[in-house]
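Source file: start.pdb. Holds: PDB, C-alpha atoms and all ligand atoms.
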```
MODEL        1
ATOM      1  CA  MET A   1      24.674  24.009  53.823
ATOM      2  CA  LYS A   2      27.611  22.392  52.070
ATOM      3  CA  LYS A   3      29.268  24.558  49.470
ATOM      4  CA  LEU A   4      28.219  23.547  45.989
ATOM      5  CA  GLY A   5      30.893  22.661  43.479
ATOM      6  CA  CYS A   6      30.518  24.336  40.107
ATOM      7  CA  PHE A   7      29.629  21.031  38.408
ATOM      8  CA  GLN A   8      26.925  20.218  40.967
ATOM      9  CA  ALA A   9      25.629  23.774  40.824
ATOM     10  CA  CYS A  10      25.420  23.574  37.036
ATOM     11  CA  ARG A  11      23.421  20.341  37.263
ATOM     12  CA  TYR A  12      21.041  21.656  39.930
ATOM     13  CA  SER A  13      20.623  24.965  38.167
ATOM     14  CA  ASN A  14      19.803  23.330  34.826
ATOM     15  CA  ARG A  15      17.336  20.922  36.400
ATOM     16  CA  MET A  16      15.571  23.665  38.323
ATOM     17  CA  VAL A  17      15.262  25.898  35.259
ATOM     18  CA  ILE A  18      13.949  22.981  33.145
ATOM     19  CA  ALA A  19      11.527  21.771  35.840
ATOM     20  CA  GLY A  20      10.365  25.314  36.608
ATOM     21  CA  THR A  21       9.795  26.020  32.910
ATOM     22  CA  ALA A  22       7.779  22.797  32.520
ATOM     23  CA  VAL A  23       5.612  23.590  35.569
ATOM     24  CA  ALA A  24       5.092  27.207  34.529
ATOM     25  CA  VAL A  25       4.244  26.417  30.876
ATOM     26  CA  VAL A  26       1.773  23.629  31.726
ATOM     27  CA  SER A  27       0.166  25.724  34.462
ATOM     28  CA  ILE A  28      -0.180  28.796  32.246
ATOM     29  CA  LEU A  29      -1.735  26.695  29.456
ATOM     30  CA  LEU A  30      -4.252  25.104  31.836
ATOM     31  CA  TRP A  31      -4.851  28.458  33.532
ATOM     32  CA  GLY A  32      -5.590  29.918  30.086
ATOM     33  CA  GLU A  33      -8.163  27.164  29.558
ATOM     34  CA  GLY A  34      -9.920  28.346  32.705
ATOM     35  CA  ILE A  35      -9.337  25.067  34.556
ATOM     36  CA  LEU A  36      -8.906  25.643  38.310
ATOM     37  CA  PRO A  37      -7.550  29.190  37.751
ATOM     38  CA  VAL A  38      -6.498  29.726  41.377
ATOM     39  CA  LEU A  39      -4.560  26.458  41.608
ATOM     40  CA  PHE A  40      -2.790  26.856  38.281
ATOM     41  CA  GLY A  41      -2.170  30.557  38.901
ATOM     42  CA  VAL A  42      -0.302  29.580  42.067
ATOM     43  CA  LEU A  43       1.540  26.763  40.282
ATOM     44  CA  ALA A  44       2.563  29.103  37.452
ATOM     45  CA  ALA A  45       3.998  31.525  40.022
ATOM     46  CA  ALA A  46       5.779  28.625  41.758
ATOM     47  CA  GLY A  47       7.257  27.520  38.421
ATOM     48  CA  VAL A  48       8.593  31.015  37.791
ATOM     49  CA  ALA A  49      10.012  31.112  41.333
ATOM     50  CA  ILE A  50      11.842  27.798  40.685
ATOM     51  CA  ILE A  51      13.308  29.227  37.444
ATOM     52  CA  VAL A  52      14.528  32.309  39.320
ATOM     53  CA  ALA A  53      15.997  30.175  42.125
ATOM     54  CA  GLY A  54      17.805  28.013  39.555
ATOM     55  CA  CYS A  55      19.285  31.129  37.944
ATOM     56  CA  VAL A  56      20.373  32.477  41.343
ATOM     57  CA  ILE A  57      22.123  29.174  42.181
ATOM     58  CA  GLY A  58      23.820  29.263  38.782
ATOM     59  CA  ASN A  59      24.971  32.841  39.274
ATOM     60  CA  ARG A  60      26.241  32.258  42.797
ATOM     61  CA  PHE A  61      27.884  28.868  42.513
ATOM     62  CA  ILE A  62      28.966  28.324  38.904
ATOM     63  CA  VAL A  63      32.314  29.971  39.555
ATOM     64  CA  CYS A  64      35.954  29.060  39.084
ATOM     65  CA  PRO A  65      37.275  27.028  42.036
ATOM     66  CA  HIS A  66      40.614  28.797  41.597
ATOM     67  CA  CYS A  67      39.819  32.516  41.220
ATOM     68  CA  GLY A  68      36.083  32.608  41.996
ATOM     69  CA  GLY A  69      35.248  34.263  38.692
ATOM     70  CA  PRO A  70      32.052  33.320  36.838
ATOM     71  CA  LEU A  71      32.392  30.485  34.328
ATOM     72  CA  TYR A  72      30.007  31.981  31.805
ATOM     73  CA  ASP A  73      29.692  34.970  29.521
ATOM     74  CA  GLY A  74      26.872  37.447  29.825
ATOM     75  CA  PRO A  75      23.519  36.878  31.486
ATOM     76  CA  ARG A  76      22.961  33.450  29.980
ATOM     77  CA  LEU A  77      23.726  30.516  32.241
ATOM     78  CA  PRO A  78      25.940  27.784  30.831
ATOM     79  CA  THR A  79      24.462  24.390  30.075
ATOM     80  CA  HIS A  80      27.925  22.995  30.662
ATOM     81  CA  ILE A  81      31.127  24.013  32.426
ATOM     82  CA  PRO A  82      33.877  25.277  30.093
ATOM     83  CA  GLN A  83      37.158  23.386  30.060
ATOM     84  CA  TYR A  84      39.182  26.435  31.061
ATOM     85  CA  CYS A  85      38.316  29.381  33.295
ATOM     86  CA  PRO A  86      37.697  32.436  31.060
ATOM     87  CA  ASN A  87      39.184  34.691  33.779
ATOM     88  CA  CYS A  88      42.391  33.035  34.951
ATOM     89  CA  GLY A  89      42.805  30.186  32.439
ATOM     90  CA  THR A  90      42.863  27.415  35.051
ATOM     91  CA  LYS A  91      41.787  24.032  33.694
ATOM     92  CA  ILE A  92      38.426  23.136  35.240
ATOM     93  CA  GLU A  93      38.364  19.452  36.158
ATOM     94  CA  PRO A  94      35.225  17.540  37.060
ATOM     95  CA  PRO A  95      35.408  15.957  40.526
ATOM     96  CA  GLY A  96      37.035  12.526  40.317
ATOM     97  CA  GLY A  97      35.222   9.244  40.766
ATOM     98  CA  GLY A  98      31.933  10.718  39.655
TER      99      GLY A  98
HETATM  100 ZN    ZN A 101      39.575  31.254  37.358
ENDMDL
END
```
Show this structure as structure tokens.
Amino acid sequence: MKKLGCFQACRYSNRMVIAGTAVAVVSILLWGEGILPVLFGVLAAAGVAIIVAGCVIGNRFIVCPHCGGPLYDGPRLPTHIPQYCPNCGTKIEPPGGG
């Protein structure tokens, strides 16, 4: 697998957390209504798994390309990449041409 850049990782991570949340919330609501409880129980679990996977990608790959330090404070994942690395102060530039 190709190494993810921090900007790509941020995008993937955000999308996975948003998509996983949407799947989990809808499934839990329908599951609560008693509609196809087995199916929506499984989908709710899958949604949660996608959220967790998104967080893991964020934690592993949203790091400074210079020093490898995390580009976020605390347990919360960033919705965007900061302009400067909080650890070493290197300016974080988005990949060109994108
Ligand atoms: Zn750094």
In terms of the shortest atom-to-atom distance over all atoms listed in the file, which of A:Pro86, A:Gly5, A:Gly20, A:Pro95 is closest to Cys67 of chain A?
A:Pro86
Taking only C-alpha atoms and all ligand atoms into account, which residues have an atom no farther than 12 Å from ligand ZN 101 (chain A)? I'd like them as a PDB file with C-alpha atoms, in the coordinates of the input.
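Everything below was put into selection31.pdb:
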```pdb
ATOM      1  CA  CYS A   6      30.518  24.336  40.107  1.00  0.00           C
ATOM      2  CA  ILE A  62      28.966  28.324  38.904  1.00  0.00           C
ATOM      3  CA  VAL A  63      32.314  29.971  39.555  1.00  0.00           C
ATOM      4  CA  CYS A  64      35.954  29.060  39.084  1.00  0.00           C
ATOM      5  CA  PRO A  65      37.275  27.028  42.036  1.00  0.00           C
ATOM      6  CA  HIS A  66      40.614  28.797  41.597  1.00  0.00           C
ATOM      7  CA  CYS A  67      39.819  32.516  41.220  1.00  0.00           C
ATOM      8  CA  GLY A  68      36.083  32.608  41.996  1.00  0.00           C
ATOM      9  CA  GLY A  69      35.248  34.263  38.692  1.00  0.00           C
ATOM     10  CA  PRO A  70      32.052  33.320  36.838  1.00  0.00           C
ATOM     11  CA  LEU A  71      32.392  30.485  34.328  1.00  0.00           C
ATOM     12  CA  TYR A  72      30.007  31.981  31.805  1.00  0.00           C
ATOM     13  CA  PRO A  82      33.877  25.277  30.093  1.00  0.00           C
ATOM     14  CA  GLN A  83      37.158  23.386  30.060  1.00  0.00           C
ATOM     15  CA  TYR A  84      39.182  26.435  31.061  1.00  0.00           C
ATOM     16  CA  CYS A  85      38.316  29.381  33.295  1.00  0.00           C
ATOM     17  CA  PRO A  86      37.697  32.436  31.060  1.00  0.00           C
ATOM     18  CA  ASN A  87      39.184  34.691  33.779  1.00  0.00           C
ATOM     19  CA  CYS A  88      42.391  33.035  34.951  1.00  0.00           C
ATOM     20  CA  GLY A  89      42.805  30.186  32.439  1.00  0.00           C
ATOM     21  CA  THR A  90      42.863  27.415  35.051  1.00  0.00           C
ATOM     22  CA  LYS A  91      41.787  24.032  33.694  1.00  0.00           C
ATOM     23  CA  ILE A  92      38.426  23.136  35.240  1.00  0.00           C
ATOM     24  CA  GLU A  93      38.364  19.452  36.158  1.00  0.00           C
TER      25      GLU A  93
END
```
Kindly resolve the PyMOL selection byres (((chain A and resi 35-50) around 10) and not hetatm) on the present coordinates and return the residues as a list of chain:residue names.
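Applied to this file, the PyMOL selection byres (((chain A and resi 35-50) around 10) and not hetatm) returns A:Ser13, A:Arg15, A:Met16, A:Val17, A:Ile18, A:Ala19, A:Gly20, A:Thr21, A:Ala22, A:Val23, A:Ala24, A:Val25, A:Val26, A:Ser27, A:Ile28, A:Leu29, A:Leu30, A:Trp31, A:Gly32, A:Glu33, A:Gly34, A:Ile51, A:Val52, A:Ala53, A:Gly54, A:Cys55, A:Val56.
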Box dimensions and centre (Å, one decimal) enclosing segment 65-71 of chain A, axis-aligned, 4 Å extra per side, as JSON:
```
{"center_x": 36.3, "center_y": 30.6, "center_z": 38.2, "size_x": 16.6, "size_y": 15.2, "size_z": 15.7}
```
